[in-house]
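See below for model.txt, which holds compact mmCIF, C-alpha atoms.
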# COMPACT_ATOMS: atom_id res chain seq x y z
CA MET A 1 -4.22 14.15 171.49
CA ASN A 2 -6.88 15.37 173.88
CA THR A 3 -5.71 18.22 176.10
CA THR A 4 -8.42 17.34 178.62
CA ASP A 5 -6.61 14.06 179.36
CA ARG A 6 -4.47 15.40 182.20
CA LYS A 7 -2.79 12.20 183.35
CA THR A 8 0.79 13.17 184.11
CA ARG A 9 3.33 11.62 181.77
CA LYS A 10 7.10 11.96 181.57
CA LEU A 11 9.16 13.21 178.62
CA HIS A 12 12.93 12.86 178.37
CA VAL A 13 14.86 14.44 175.49
CA VAL A 14 18.50 13.53 174.78
CA THR A 15 20.13 16.47 173.00
CA HIS A 16 23.15 16.35 170.70
CA GLY A 17 24.78 19.11 168.67
CA CYS A 18 24.47 22.86 168.47
CA GLN A 19 22.64 25.55 170.43
CA MET A 20 19.85 25.37 167.85
CA ASN A 21 19.17 21.83 169.02
CA VAL A 22 19.22 22.96 172.65
CA TYR A 23 16.58 25.57 171.77
CA ASP A 24 14.51 22.96 169.89
CA THR A 25 14.63 20.65 172.91
CA VAL A 26 13.27 23.39 175.16
CA ARG A 27 10.46 23.96 172.68
CA MET A 28 9.66 20.22 172.53
CA TYR A 29 8.95 20.34 176.25
CA ASP A 30 6.78 23.42 175.66
CA VAL A 31 4.84 21.59 172.93
CA MET A 32 4.11 18.56 175.08
CA ARG A 33 3.43 20.30 178.40
CA PRO A 34 -0.23 21.16 177.59
CA PHE A 35 -0.81 17.46 176.96
CA GLY A 36 0.23 16.41 180.45
CA TYR A 37 3.92 15.74 179.88
CA GLU A 38 6.48 16.82 182.47
CA ALA A 39 10.24 16.79 182.02
CA SER A 40 12.13 13.74 183.25
CA ALA A 41 15.85 13.82 183.99
CA SER A 42 16.22 10.19 182.93
CA PRO A 43 14.72 7.83 180.36
CA VAL A 44 14.14 5.25 183.10
CA ASP A 45 10.73 6.58 184.16
CA ALA A 46 9.82 8.33 180.88
CA ASP A 47 6.71 7.60 178.83
CA LEU A 48 8.26 9.32 175.79
CA VAL A 49 11.99 9.44 175.03
CA SER A 50 13.21 11.50 172.09
CA LEU A 51 16.68 11.88 170.65
CA ASN A 52 17.29 15.38 169.27
CA THR A 53 20.12 14.60 166.91
CA CYS A 54 22.95 16.30 165.02
CA HIS A 55 24.25 15.20 161.61
CA ILE A 56 27.28 17.50 161.33
CA ARG A 57 30.07 15.58 163.01
CA GLU A 58 31.72 12.29 162.07
CA LYS A 59 29.98 9.12 163.27
CA ALA A 60 26.85 11.06 164.30
CA ASP A 61 24.71 8.15 163.12
CA ASP A 62 26.70 5.67 165.21
CA LYS A 63 26.09 7.79 168.30
CA VAL A 64 22.35 7.77 167.63
CA TYR A 65 22.16 3.99 167.28
CA SER A 66 24.32 3.53 170.37
CA ASP A 67 21.91 5.69 172.37
CA LEU A 68 18.94 3.82 170.92
CA GLY A 69 20.39 0.52 172.08
CA ARG A 70 20.45 1.74 175.67
CA ILE A 71 16.95 3.23 175.38
CA ARG A 72 15.64 -0.05 173.96
CA ALA A 73 16.69 -1.82 177.16
CA GLU A 74 14.69 0.68 179.24
CA LYS A 75 11.71 0.32 176.91
CA GLU A 76 11.72 -3.45 177.33
CA LYS A 77 11.96 -3.14 181.13
CA LYS A 78 8.96 -0.83 181.14
CA LYS A 79 6.98 -3.21 178.92
CA ALA A 80 7.80 -6.14 181.22
CA ALA A 81 6.44 -4.11 184.14
CA GLY A 82 3.18 -3.51 182.27
CA GLY A 83 3.95 0.00 181.03
CA ARG A 84 4.70 1.57 177.68
CA MET A 85 7.49 3.80 176.44
CA LEU A 86 7.39 5.59 173.09
CA VAL A 87 10.76 6.21 171.43
CA ALA A 88 11.36 8.98 168.89
CA VAL A 89 14.31 10.17 166.81
CA GLY A 90 14.17 13.83 165.84
CA GLY A 91 16.55 16.48 164.55
CA CYS A 92 18.99 16.31 161.68
CA VAL A 93 19.71 12.57 161.67
CA GLY A 94 15.96 11.96 161.71
CA GLN A 95 15.57 14.31 158.75
CA ALA A 96 18.43 12.69 156.83
CA GLU A 97 17.58 9.02 157.39
CA GLY A 98 13.80 9.04 157.84
CA ALA A 99 12.11 5.66 157.61
CA GLU A 100 15.50 3.91 157.40
CA ILE A 101 15.79 4.41 161.16
CA ILE A 102 12.58 2.48 161.82
CA ALA A 103 13.63 -0.22 159.35
CA ARG A 104 16.91 -0.65 161.23
CA THR A 105 15.49 -0.20 164.74
CA PRO A 106 11.80 -1.23 164.65
CA TYR A 107 11.35 -0.41 168.34
CA VAL A 108 11.54 3.29 167.37
CA ASP A 109 7.97 4.59 167.17
CA MET A 110 8.48 8.00 165.53
CA VAL A 111 11.00 9.76 163.30
CA PHE A 112 10.76 13.48 162.60
CA GLY A 113 12.89 16.34 161.31
CA SER A 114 13.91 19.67 162.81
CA GLN A 115 10.97 21.46 161.19
CA SER A 116 8.33 18.99 162.38
CA TYR A 117 8.56 18.74 166.16
CA HIS A 118 5.57 21.05 166.61
CA GLN A 119 3.52 18.04 165.42
CA LEU A 120 4.71 15.83 168.29
CA PRO A 121 1.24 15.54 169.92
CA GLU A 122 -0.28 14.31 166.64
CA MET A 123 2.64 11.93 166.10
CA VAL A 124 2.24 10.49 169.60
CA THR A 125 -1.46 9.88 168.95
CA LYS A 126 -0.71 8.11 165.65
CA ALA A 127 2.04 6.02 167.23
CA ILE A 128 -0.27 4.85 170.02
CA ARG A 129 -3.13 4.17 167.59
CA ASP A 130 -1.08 2.45 164.86
CA GLY A 131 1.61 0.83 166.96
CA GLY A 132 4.46 3.05 165.79
CA GLY A 133 5.99 3.61 162.38
CA VAL A 134 5.28 7.36 162.26
CA VAL A 135 7.56 9.43 160.00
CA GLU A 136 7.18 13.21 159.59
CA LEU A 137 9.80 15.08 157.55
CA ASP A 138 8.05 18.18 156.19
CA PHE A 139 10.14 21.32 155.62
CA LEU A 140 7.70 23.95 156.90
CA PRO A 141 9.53 26.34 159.25
CA VAL A 142 6.81 29.00 158.90
CA GLU A 143 4.15 26.55 160.03
CA LYS A 144 6.36 25.32 162.86
CA PHE A 145 6.86 28.73 164.41
CA ASP A 146 3.20 29.66 163.89
CA GLN A 147 2.06 26.56 165.77
CA LEU A 148 4.58 26.51 168.61
CA PRO A 149 3.09 27.55 171.96
CA GLU A 150 4.39 30.53 173.87
CA VAL A 151 7.54 29.96 175.89
CA SER A 152 6.08 28.82 179.20
CA ASP A 153 8.99 28.13 181.51
CA SER A 154 12.19 30.03 182.17
CA GLN A 155 15.33 28.68 180.50
CA GLY A 156 17.30 30.18 183.36
CA VAL A 157 19.56 33.18 183.53
CA ALA A 158 21.03 32.49 180.06
CA ALA A 159 18.44 31.70 177.39
CA PHE A 160 18.44 30.70 173.72
CA LEU A 161 16.14 32.35 171.18
CA SER A 162 15.95 31.14 167.57
CA VAL A 163 15.59 34.01 165.09
CA GLN A 164 16.58 32.28 161.84
CA GLU A 165 16.77 28.73 160.55
CA GLY A 166 18.11 26.92 157.53
CA CYS A 167 20.85 27.66 155.04
CA ASP A 168 21.04 28.54 151.35
CA LYS A 169 24.84 28.47 151.06
CA PHE A 170 25.39 24.77 150.15
CA CYS A 171 28.98 24.46 151.33
CA THR A 172 30.23 21.27 149.69
CA TYR A 173 30.99 19.55 153.03
CA CYS A 174 27.78 20.43 154.87
CA VAL A 175 24.43 18.67 155.30
CA VAL A 176 22.57 21.58 156.93
CA PRO A 177 20.69 22.72 153.77
CA TYR A 178 19.41 19.17 153.41
CA THR A 179 18.46 18.63 157.06
CA ARG A 180 17.31 22.13 158.10
CA GLY A 181 16.01 23.42 154.77
CA ALA A 182 16.15 26.87 153.18
CA GLU A 183 16.83 30.05 155.12
CA TYR A 184 13.84 31.38 157.00
CA SER A 185 13.68 34.47 159.24
CA ARG A 186 11.05 34.71 161.95
CA PRO A 187 8.86 37.82 162.08
CA TYR A 188 10.53 40.61 164.04
CA ALA A 189 7.60 41.16 166.43
CA ASN A 190 7.48 37.47 167.38
CA ILE A 191 11.16 37.49 168.32
CA VAL A 192 10.79 40.58 170.48
CA GLU A 193 7.77 39.11 172.28
CA GLU A 194 9.62 35.87 172.98
CA ALA A 195 12.61 37.83 174.29
CA LYS A 196 10.29 39.71 176.68
CA LYS A 197 8.87 36.40 177.85
CA LEU A 198 12.36 35.02 178.49
CA ALA A 199 13.38 38.16 180.37
CA GLY A 200 10.21 37.91 182.44
CA GLY A 201 11.25 34.36 183.33
CA GLY A 202 14.60 35.57 184.66
CA ALA A 203 16.86 35.57 181.62
CA LYS A 204 19.60 38.18 181.88
CA GLU A 205 21.57 36.92 178.89
CA ILE A 206 19.89 36.09 175.57
CA HIS A 207 21.62 34.18 172.78
CA LEU A 208 20.11 34.89 169.35
CA LEU A 209 20.48 31.76 167.24
CA GLY A 210 20.47 30.80 163.58
CA GLN A 211 22.30 28.55 161.16
CA ASN A 212 23.28 31.82 159.44
CA VAL A 213 22.04 34.18 162.10
CA ASN A 214 23.34 37.35 160.43
CA ALA A 215 21.36 36.50 157.29
CA TYR A 216 18.28 37.45 159.30
CA HIS A 217 15.84 39.64 157.34
CA GLY A 218 12.53 39.34 159.15
CA VAL A 219 9.42 41.34 158.43
CA GLY A 220 8.64 44.25 160.75
CA ALA A 221 5.80 46.75 161.03
CA GLY A 222 4.40 47.85 157.69
CA GLY A 223 6.31 45.10 155.89
CA LYS A 224 9.67 46.72 156.61
CA SER A 225 12.66 44.39 156.33
CA MET A 226 14.50 44.18 159.65
CA SER A 227 18.11 43.15 160.19
CA LEU A 228 19.82 41.31 163.02
CA ALA A 229 21.10 44.68 164.24
CA ASP A 230 17.46 45.80 164.54
CA VAL A 231 16.69 42.71 166.62
CA ILE A 232 19.69 43.35 168.89
CA ASP A 233 18.63 46.96 169.36
CA ALA A 234 15.09 45.92 170.34
CA VAL A 235 16.20 43.18 172.74
CA ALA A 236 18.61 45.60 174.40
CA GLN A 237 15.64 47.81 175.34
CA ILE A 238 13.89 45.01 177.26
CA SER A 239 13.96 45.40 181.02
CA GLY A 240 16.04 42.72 182.69
CA VAL A 241 18.21 41.88 179.67
CA GLU A 242 21.81 42.69 180.49
CA ARG A 243 23.73 40.65 177.92
CA ILE A 244 23.16 39.75 174.26
CA ARG A 245 25.08 37.29 172.09
CA TYR A 246 24.46 35.80 168.66
CA MET A 247 25.71 32.85 166.62
CA THR A 248 26.51 31.37 164.14
CA SER A 249 27.56 33.99 161.59
CA TYR A 250 28.47 33.65 157.93
CA PRO A 251 31.20 36.09 156.80
CA SER A 252 29.64 37.30 153.53
CA ASP A 253 26.34 38.06 155.30
CA MET A 254 27.92 40.61 157.63
CA THR A 255 26.34 44.07 157.30
CA ASP A 256 27.60 47.52 158.23
CA ASP A 257 24.81 48.08 160.77
CA LEU A 258 25.68 44.82 162.56
CA ILE A 259 29.35 45.76 162.73
CA ALA A 260 28.47 49.24 163.96
CA ILE A 261 26.18 48.06 166.77
CA HIS A 262 29.12 46.21 168.33
CA GLY A 263 30.59 49.63 169.03
CA SER A 264 27.40 51.37 170.18
CA GLU A 265 25.44 48.78 172.20
CA LYS A 266 27.16 47.86 175.46
CA LYS A 267 24.76 45.00 176.15
CA LEU A 268 26.07 43.25 173.03
CA MET A 269 28.96 41.22 174.35
CA PRO A 270 32.49 41.71 172.91
CA PHE A 271 32.68 38.20 171.51
CA LEU A 272 32.14 37.05 167.93
CA HIS A 273 32.12 33.53 166.53
CA LEU A 274 32.93 33.95 162.84
CA PRO A 275 33.65 30.61 161.11
CA VAL A 276 36.18 30.77 158.27
CA GLN A 277 36.86 27.00 157.83
CA SER A 278 40.14 27.46 155.93
CA GLY A 279 42.80 30.08 155.28
CA SER A 280 43.39 28.92 151.72
CA ASN A 281 41.54 30.62 148.88
CA SER A 282 41.66 27.49 146.74
CA VAL A 283 40.17 25.37 149.54
CA LEU A 284 37.53 28.02 150.28
CA LYS A 285 36.53 27.93 146.62
CA ARG A 286 36.24 24.13 146.62
CA MET A 287 34.20 24.37 149.83
CA ASN A 288 31.86 26.83 148.04
CA ARG A 289 32.46 29.37 150.78
CA ARG A 290 31.45 32.81 149.55
CA HIS A 291 34.45 34.67 150.90
CA THR A 292 38.22 34.83 150.52
CA ARG A 293 40.91 35.09 153.17
CA ASP A 294 41.41 38.78 152.38
CA PHE A 295 37.69 39.46 152.74
CA TYR A 296 37.80 37.71 156.12
CA PHE A 297 40.79 39.79 157.24
CA GLU A 298 38.93 42.97 156.28
CA LEU A 299 35.91 41.88 158.35
CA VAL A 300 38.06 41.22 161.40
CA GLU A 301 39.64 44.67 161.07
CA LYS A 302 36.20 46.32 160.81
CA PHE A 303 34.96 44.58 163.95
CA ARG A 304 38.09 45.48 165.89
CA ALA A 305 37.77 49.08 164.75
CA ALA A 306 34.18 49.15 166.06
CA ARG A 307 34.99 47.29 169.31
CA PRO A 308 38.76 47.12 169.95
CA ASP A 309 38.48 44.57 172.78
CA ILE A 310 36.34 42.11 170.82
CA ALA A 311 37.35 38.44 171.19
CA MET A 312 37.15 36.28 168.08
CA SER A 313 36.51 32.57 167.68
CA SER A 314 36.21 30.43 164.58
CA ASP A 315 35.76 26.96 163.06
CA PHE A 316 38.36 25.16 160.97
CA ILE A 317 38.25 21.99 158.87
CA VAL A 318 41.62 20.37 158.19
CA GLY A 319 42.29 17.77 155.53
CA PHE A 320 39.57 18.87 153.13
CA PRO A 321 39.85 16.96 149.81
CA ASP A 322 42.93 18.02 147.81
CA GLU A 323 44.22 20.29 150.62
CA SER A 324 47.94 20.69 149.95
CA ASP A 325 50.69 21.47 152.44
CA ALA A 326 50.67 25.06 151.12
CA ASP A 327 46.88 25.28 151.66
CA PHE A 328 47.31 24.15 155.24
CA GLU A 329 50.11 26.65 155.84
CA ASP A 330 47.75 29.39 154.61
CA THR A 331 45.33 28.31 157.35
CA MET A 332 48.06 28.45 159.98
CA ASP A 333 49.02 31.91 158.72
CA LEU A 334 45.44 33.11 159.03
CA ILE A 335 45.23 31.89 162.63
CA ARG A 336 48.47 33.70 163.50
CA HIS A 337 47.18 36.86 161.82
CA VAL A 338 43.77 36.95 163.55
CA ASN A 339 44.89 35.69 166.99
CA TYR A 340 41.78 33.92 168.30
CA SER A 341 40.48 33.57 171.83
CA GLN A 342 38.84 30.22 170.95
CA VAL A 343 39.11 27.81 168.02
CA TYR A 344 36.99 24.80 167.12
CA SER A 345 38.82 22.49 164.73
CA PHE A 346 37.99 19.16 163.14
CA LYS A 347 39.34 16.67 160.64
CA TYR A 348 37.28 16.63 157.47
CA SER A 349 34.84 13.72 157.49
CA PRO A 350 32.68 12.91 154.45
CA ARG A 351 28.96 13.39 154.97
CA ALA A 352 26.81 11.25 152.70
CA GLY A 353 25.05 13.20 149.97
CA THR A 354 27.42 16.18 149.98
CA PRO A 355 29.60 16.97 146.92
CA ALA A 356 32.88 16.76 148.82
CA ALA A 357 32.11 13.20 149.94
CA SER A 358 32.47 11.94 146.36
CA ASP A 359 35.70 13.84 145.68
CA ASP A 360 38.42 11.38 144.62
CA LYS A 361 41.20 13.45 146.23
CA GLN A 362 40.55 12.53 149.86
CA ILE A 363 43.40 13.20 152.30
CA ASP A 364 45.07 10.35 154.19
CA GLU A 365 43.91 10.11 157.82
CA THR A 366 47.48 10.25 159.12
CA ILE A 367 48.07 13.57 157.35
CA LYS A 368 44.76 14.91 158.66
CA GLN A 369 45.71 13.99 162.21
CA GLU A 370 49.17 15.58 161.91
CA ARG A 371 47.70 18.81 160.56
CA LEU A 372 44.97 18.89 163.20
CA ALA A 373 47.57 18.46 165.96
CA ARG A 374 49.64 21.35 164.60
CA LEU A 375 46.62 23.61 164.23
CA GLN A 376 45.33 22.84 167.71
CA GLY A 377 48.78 23.40 169.17
CA LEU A 378 48.85 26.93 167.74
CA ALA A 379 45.24 27.60 168.73
CA HIS A 380 45.88 26.40 172.28
CA GLU A 381 48.85 28.74 172.59
CA GLN A 382 46.67 31.69 171.57
CA GLN A 383 43.78 30.68 173.81
CA THR A 384 46.01 30.17 176.86
CA ALA A 385 47.76 33.51 176.29
CA PHE A 386 44.40 35.25 175.93
CA ASN A 387 43.18 33.84 179.24
CA GLU A 388 46.44 34.45 181.09
CA ALA A 389 46.25 38.13 180.10
CA PHE A 390 43.25 38.47 182.46
CA ILE A 391 45.21 37.55 185.60
CA GLY A 392 45.01 40.49 188.01
CA LYS A 393 42.04 42.08 186.24
CA THR A 394 38.59 42.46 187.77
CA ILE A 395 35.80 41.53 185.36
CA PRO A 396 31.99 41.00 185.49
CA VAL A 397 30.89 37.36 185.48
CA LEU A 398 27.34 36.03 185.12
CA PHE A 399 26.99 32.90 187.27
CA ASP A 400 24.62 30.31 185.84
CA ARG A 401 25.61 26.92 187.29
CA THR A 402 27.41 25.10 190.07
CA GLY A 403 30.81 23.51 189.63
CA LYS A 404 31.96 19.97 190.36
CA PHE A 405 33.04 20.74 193.92
CA ASP A 406 31.11 21.92 196.97
CA GLY A 407 30.86 25.70 197.07
CA GLN A 408 32.12 26.09 193.50
CA LEU A 409 30.23 28.29 191.06
CA LEU A 410 30.71 28.62 187.31
CA GLY A 411 29.89 31.60 185.12
CA LYS A 412 30.74 33.34 181.88
CA SER A 413 32.79 36.46 181.29
CA GLU A 414 31.80 39.01 178.69
CA TYR A 415 34.34 37.32 176.40
CA MET A 416 32.68 33.88 176.70
CA GLN A 417 35.32 32.49 179.07
CA SER A 418 34.32 29.99 181.74
CA VAL A 419 35.12 31.40 185.19
CA TYR A 420 35.26 29.29 188.37
CA VAL A 421 35.03 30.75 191.90
CA SER A 422 34.23 29.67 195.42
CA GLY A 423 31.09 31.50 196.43
CA LYS A 424 27.66 31.40 198.00
CA LYS A 425 24.69 30.00 196.10
CA GLU A 426 23.04 33.41 196.34
CA LEU A 427 25.35 34.48 193.51
CA MET A 428 23.59 32.12 191.10
CA GLY A 429 21.83 34.14 188.42
CA GLN A 430 23.76 37.27 189.37
CA ILE A 431 26.52 39.28 187.73
CA ALA A 432 29.44 39.70 190.12
CA GLN A 433 32.82 41.41 189.89
CA VAL A 434 35.57 38.81 190.00
CA LYS A 435 39.30 39.37 190.38
CA ILE A 436 41.03 36.82 188.15
CA THR A 437 43.79 34.82 189.84
CA GLY A 438 44.43 32.11 187.24
CA GLY A 439 44.24 31.71 183.48
CA PHE A 440 44.28 28.33 181.74
CA LEU A 441 43.52 26.82 178.34
CA ASN A 442 39.75 26.55 178.82
CA SER A 443 38.94 28.61 181.90
CA LEU A 444 39.71 31.31 184.41
CA THR A 445 39.67 31.18 188.20
CA GLY A 446 39.12 34.10 190.52
CA GLU A 447 37.76 35.62 193.70
CA VAL A 448 34.45 37.45 194.02
CA VAL A 449 35.02 41.05 195.10
CA ALA A 450 31.54 42.55 194.61
CA SER A 451 28.10 41.69 193.23
Go through the file and emit its structure as structure tokens.
Amino acid sequence: MNTTDRKTRKLHVVTHGCQMNVYDTVRMYDVMRPFGYEASASPVDADLVSLNTCHIREKADDKVYSDLGRIRAEKEKKKAAGGRMLVAVGGCVGQAEGAEIIARTPYVDMVFGSQSYHQLPEMVTKAIRDGGGVVELDFLPVEKFDQLPEVSDSQGVAAFLSVQEGCDKFCTYCVVPYTRGAEYSRPYANIVEEAKKLAGGGAKEIHLLGQNVNAYHGVGAGGKSMSLADVIDAVAQISGVERIRYMTSYPSDMTDDLIAIHGSEKKLMPFLHLPVQSGSNSVLKRMNRRHTRDFYFELVEKFRAARPDIAMSSDFIVGFPDESDADFEDTMDLIRHVNYSQVYSFKYSPRAGTPAASDDKQIDETIKQERLARLQGLAHEQQTAFNEAFIGKTIPVLFDRTGKFDGQLLGKSEYMQSVYVSGKKELMGQIAQVKITGGFLNSLTGEVVAS
């Protein structure tokens, strides 16, 4: 595509899934901006509409095809008016299904994977020249990061920064190794430079992202291997950065220096998302998780020794093939033992191509639903109690968006809680002291006392 062709075009990206996909969407806009594409809030007036998809959850494919049906209607309207809309499917569903998407929905012009979106300009050119049918599924994360342009626009006060991609763990329920590829760590210097760029654009809080973010082992000066703790230390030195978070972590990749920096670096927020998936050793083994429940307990104790006020969250899968009542009770026991501030829980759903999907000991859906309800009941009790314990306390909150009602602002506490207040718009992008007046399952409410 010729960068001298400066006719303004519109790009709209529909994003599903994790923070990694949110980061990829931002970078898609960066890739296309030099070629005259501006962001559009709606597909209605877009020249290029892309779905950035997730393949983790149940019925992810159905969601994609439902979205495509609506986009097709807009594409046909534009064609009837004498215009043209290109439609693309990217991300993990694109990687998993490839050309099958175009065979099923021939009005889709391009399909690409998570490691290929840096080639969007070339794909657009091919689609226009050949009338669609473009499929690009290469697994080349090194090439992708080398070819991505510099971050050009601010992501806002809270920004995402990808430091690591892919997964080598091959959990038996998970498609990530097949859709994101092998683990790859970005060079240390590149991450630090991007963090400086984000801070220069107004980011006060930076989220370091990776499928297994704590497996990071990027190359530093002189070929030295750098850890995630090294990255956190460097980002903390950047002027303007006031908060640092990271996710998602894998228990067996936790290192002593990462645990220690939770106690020494105050800009690293006291919140850790540490997925365990099950509290049963037999289920963990069948999942091919590389940890036991006792190992997980030891990790939690180490983190709480380093930072006593740290809040913990986790992921759980209930109804994994051959999960017994005793296995499930082990999970409930683990939740009681750890006492989480947040829990994300799901019924097991088979993902095509994964070993667990072909297991002949699938759990009945009714049993899955009963177990999920019990687990969520316990988790909700813990989460509500955690939030109610903040009533009467004054805590710092970073405000990054407006609420549903006039004069309402929404921000995040250090512990990743959503906090609602009535306040002036001047507080947006600022950290203010808030006295908490209410604690609920998913949020806090309070009054601003100082900024």
### Task
Please provide as a list in words all residues within 9 Å of Thr105 (chain A), with the sequence filter that same-chain residues fewer than 2 positions apart are discarded (counting only C-alpha atoms).
Tyr65, Leu68, Gly69, Glu100, Ile101, Ile102, Ala103, Tyr107 and Val108 of chain A
### Task
One decimal, Å: what's the distance from CA of Val318 (chain A) over to CA of Asn52 (chain A), could you say?
27.2 Å
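Each of A:His273, A:Lys393, A:Lys204, A:Lys196 was compared to Gly429 (chain A) using only C-alpha atoms, and A:Lys204 turns out to be the nearest.
For the choices A:Val157, A:Ile244, A:Cys167, A:Val13, the atom-to-atom distance to Val26 (chain A) is smallest for A:Val13 when using all atoms listed in the file.
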### Query
So which residues are close to (13.2, 9.6, 185.2), meaning at most 12 Å away in the file's coordinates with all atoms listed in the file counted, and can you show them as a PyMOL selection string?
chain A and resi 9-13+38-49+74+78+85
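Nearest residue to Ser252 (chain A), choosing from A:Ala352, A:Asn212, A:Met269, A:Ala234 and counting all atoms listed in the file: A:Asn212.
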Can you write out as a tab-separated table which residues of region 272-379 of chain A fall within 12 Å of region 255-258 of chain A, alongside each residue's closest atom pair and its distance in Å to one decimal, counting all atoms listed in the file and ordering rows by chain and ascending residue number?
residue	atom	partner	partner_atom	distance
A:Leu272	CA	A:Leu258	CA	11.4
A:Leu299	CA	A:Thr255	CA	9.9
A:Lys302	CA	A:Asp256	CA	9.1
A:Phe303	CA	A:Leu258	CA	9.4
A:Ala306	CA	A:Leu258	CA	10.2
A:Arg307	CA	A:Leu258	CA	11.8
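Residue neighbourhood of Thr354 (chain A), excluding near-sequence residues (fewer than 3 positions): Ile56, Ala96, Phe170, Cys171, Thr172, Tyr173, Cys174, Val175, Val176, Pro177, Tyr178, Thr179, Met287, Asn288, Ser349, Pro350, Arg351, Ala357, Ser358 and Asp359 of chain A, at 12 Å, using all atoms listed in the file.
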What would the file look like if the residues just selected were written as a PDB file, in the coordinates of the input with C-alpha atoms?
ATOM      1  CA  ILE A  56      27.280  17.500 161.330  1.00  0.00           C
ATOM      2  CA  ALA A  96      18.430  12.690 156.830  1.00  0.00           C
ATOM      3  CA  PHE A 170      25.390  24.770 150.150  1.00  0.00           C
ATOM      4  CA  CYS A 171      28.980  24.460 151.330  1.00  0.00           C
ATOM      5  CA  THR A 172      30.230  21.270 149.690  1.00  0.00           C
ATOM      6  CA  TYR A 173      30.990  19.550 153.030  1.00  0.00           C
ATOM      7  CA  CYS A 174      27.780  20.430 154.870  1.00  0.00           C
ATOM      8  CA  VAL A 175      24.430  18.670 155.300  1.00  0.00           C
ATOM      9  CA  VAL A 176      22.570  21.580 156.930  1.00  0.00           C
ATOM     10  CA  PRO A 177      20.690  22.720 153.770  1.00  0.00           C
ATOM     11  CA  TYR A 178      19.410  19.170 153.410  1.00  0.00           C
ATOM     12  CA  THR A 179      18.460  18.630 157.060  1.00  0.00           C
ATOM     13  CA  MET A 287      34.200  24.370 149.830  1.00  0.00           C
ATOM     14  CA  ASN A 288      31.860  26.830 148.040  1.00  0.00           C
ATOM     15  CA  SER A 349      34.840  13.720 157.490  1.00  0.00           C
ATOM     16  CA  PRO A 350      32.680  12.910 154.450  1.00  0.00           C
ATOM     17  CA  ARG A 351      28.960  13.390 154.970  1.00  0.00           C
ATOM     18  CA  ALA A 357      32.110  13.200 149.940  1.00  0.00           C
ATOM     19  CA  SER A 358      32.470  11.940 146.360  1.00  0.00           C
ATOM     20  CA  ASP A 359      35.700  13.840 145.680  1.00  0.00           C
TER      21      ASP A 359
END
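In terms of minimum interatomic distance to His55 (chain A), A:Gly113 ranks closest within A:Gly222, A:Gly113, A:Pro270, A:Gly407, counting all atoms listed in the file.
Note that the spacing between CA of Ile335 (chain A) and CA of Ile259 (chain A) amounts to 21.1 Å.
Between CA of Ile128 (chain A) and CA of Arg104 (chain A) the separation is 20.1 Å.
Remark: for Asp230 (chain A), the closest of the candidate residues A:Lys266, A:Leu198, A:Ala189, A:Asp325 is A:Ala189 (distances computed over all atoms listed in the file).
Nearest residue to Lys63 (chain A), choosing from A:Ala182, A:Val419, A:Leu398, A:Val93 and counting all atoms listed in the file: A:Val93.
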### Task
Please provide as a PyMOL selection string all residues within 9 Å of Val163 (chain A), with the sequence filter that same-chain residues fewer than 6 positions apart are discarded (counting all atoms listed in the file).
chain A and resi 184-188+191+208-210+213+216+218+228+231
